[in-house]
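Data first, discussion second: the structure below is written as structure tokens.
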Amino acid sequence: MAHFDNALICKNGHIINTVARLSPEKNLKFCTICGEKVLDKCETCGENILGSHIDDNGNYFPRKYVRPNCCHNCGDTHIWTIRNIEAVLDLLKKAGVSNPVAINKAESNLVELVRETPQMHLAAMELSNTINSLDFSIKDKIKKILKILLNPSVLKYFKL
Ligand SMILES: [Zn+2]
Ligand SMILES: [Zn+2]
């Protein structure tokens, strides 16, 4: 029967195994890239992290796997999503965006974009303006994080 397997993802967001039940030999306790603890469950509700979809014939497509930003059971934001948002905010601060109002605005815009809400279009416009006012080196670093954090369908609303 078609179903979702469980995924193992480290706290920084490196995907360890998207089929933890089908291929448990690939399961790890700690990430071999960054050394962080590997999670198999949502830290808020304890539900298994959503893994690859396995069809009726037992087939799955690892390349189709999209790392979840939020828990499918409680809706809370996963730790790797929070860390990527924080990394963007730290770069903005480094670039001299020190006004707490501006930082709070950037944070709420990032949350709208991660969650792909109807407000994401406005959020993309505002965040594009902020990022485009920065030096190229910082702008480039933020772009790299956004590519990891956001779906390509969301990224296309950015004018960077
Ligand atoms: Zn890692
Ligand atoms: Zn949860």
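In the structure tokens, chains take the letters A, B, ... in the order shown, each chain's residues start at 1, and ligands count up from 1 in the order shown.
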Exercise. As number ranges by chain, which residues of range 4-154 of chain A does DSSP assign to helix (DSSP H, G or I)?
Worked result: A: 24-26, 62-64, 79-94, 100-114, 120-132, 136-149, 152-154
Exercise. Taking only C-alpha atoms and all ligand atoms into account, which residues are within 8 Å of ligand 2, as a PyMOL selection string?
Worked result: chain A and resi 41-47+70-76
Exercise. So which one's closest to ligand 1, A:Leu110, A:Leu150, A:Ile142, A:Leu39? Using only C-alpha atoms and all ligand atoms, please.
Worked result: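 The answer is A:Leu39, which sits nearest to ligand 1.
When only C-alpha atoms are used to measure the gap to Cys34 in chain A, the shortest distance among A:Leu89, A:Ile138, A:Ile16, A:Leu149 belongs to A:Ile16.
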For this session: List the neighbours of Leu146 in chain A out to 10 Å using only C-alpha atoms; skip same-chain residues closer than 3 positions along the sequence, and give me the result as a PyMOL selection string.
Result: chain A and resi 84-85+88+110+113-114+140-143+149-152+154-155+158
Residues just named, written with C-alpha atoms as a CSV table (one decimal), in the first residue's frame:
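File produced: part-v8.csv:
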```csv
chain,number,residue,atom,x,y,z
A,84,ASN,CA,18.4,29.1,8.1
A,85,ILE,CA,16.1,32.1,8.9
A,88,VAL,CA,19.8,35.3,7.0
A,110,LEU,CA,10.9,35.0,5.8
A,113,LEU,CA,7.9,32.9,2.4
A,114,VAL,CA,8.8,29.6,4.1
A,140,ASP,CA,25.3,36.7,-2.6
A,141,LYS,CA,25.5,34.9,0.7
A,142,ILE,CA,21.8,35.6,1.5
A,143,LYS,CA,20.9,34.3,-2.0
A,149,LEU,CA,15.4,27.5,2.4
A,150,LEU,CA,12.7,28.3,-0.2
A,151,ASN,CA,11.1,26.3,-3.0
A,152,PRO,CA,12.0,27.4,-6.6
A,154,VAL,CA,8.8,31.0,-4.3
A,155,LEU,CA,12.3,32.1,-5.3
A,158,PHE,CA,12.5,37.6,-5.9
```
Considering only C-alpha atoms and all ligand atoms, tabulate each residue of chain A that lies at most 8 Å from ligand 1 along with its nearest interatomic pair and the corresponding distance in Å to one decimal; arrange the rows by chain and ascending residue number and present them as a tab-separated table.
```
residue	atom	partner	partner_atom_place_in_ligand_line	distance
A:Ile9	CA	ligand 1	1 (Zn)	7.6
A:Cys10	CA	ligand 1	1 (Zn)	4.8
A:Lys11	CA	ligand 1	1 (Zn)	6.4
A:Asn12	CA	ligand 1	1 (Zn)	5.0
A:Gly13	CA	ligand 1	1 (Zn)	6.0
A:His14	CA	ligand 1	1 (Zn)	4.5
A:Ile15	CA	ligand 1	1 (Zn)	7.6
A:Phe30	CA	ligand 1	1 (Zn)	7.7
A:Cys31	CA	ligand 1	1 (Zn)	4.5
A:Thr32	CA	ligand 1	1 (Zn)	6.6
A:Ile33	CA	ligand 1	1 (Zn)	5.0
A:Cys34	CA	ligand 1	1 (Zn)	4.1
A:Gly35	CA	ligand 1	1 (Zn)	5.9
A:Glu36	CA	ligand 1	1 (Zn)	5.4
A:Lys37	CA	ligand 1	1 (Zn)	7.7
A:Val38	CA	ligand 1	1 (Zn)	7.6
```
Problem set entry | Residue with smallest distance to Thr130 in chain A - pool A:Asn48, A:Ile103, A:Ile145, A:Lys156, counting only C-alpha atoms |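 Among the listed residues, A:Ile103 lies closest to Thr130 in chain A.
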For this session: Tell me which of A:Ile82, A:Val97, A:Met125, A:Ala87 sits closest to Val111 in chain A, counting only C-alpha atoms.
Result: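 Smallest separation from Val111 in chain A among the options: A:Ile82.
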Do a neighbour search on Lys105 in chain A at 9 Å with only C-alpha atoms, toss out local chain neighbours closer than 6 positions, and write the hits as a JSON list (two decimals) with C-alpha atoms, in the first residue's frame.
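out26.json written:
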```json
[["chain", "number", "residue", "atom", "x", "y", "z"],
["A", 123, "ALA", "CA", 7.15, 39.57, 1.64],
["A", 126, "GLU", "CA", 9.97, 43.86, 0.70],
["A", 127, "LEU", "CA", 12.81, 41.41, 1.30]]
```
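As for CA of Ser98 in chain A and CA of Pro118 in chain A, they are spaced 27.6 Å apart.
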For this session: Among the residues of chain A, find those DSSP assigns to strand (DSSP E or B) from the backbone and print them as JSON, numbers by chain.
Result: {"A": [3, 4, 5, 6, 8, 9, 10, 15, 16, 17, 30, 37, 38, 39, 41, 48, 50, 51, 52, 53, 54, 70, 77]}
For this session: For CA of Ser128 in chain A and CA of Lys159 in chain A, determine how far apart the two atoms are, in Å to one decimal place.
Result: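 Calculated distance between CA of Ser128 in chain A and CA of Lys159 in chain A is 6.0 Å.
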For this session: May I have the residues within 8 Å of range 57-64 of chain A as a VMD selection string, using only C-alpha atoms and disregarding those fewer than 2 positions away in the same chain?
Result: chain A and resid 1 to 2 18 52 to 55 66
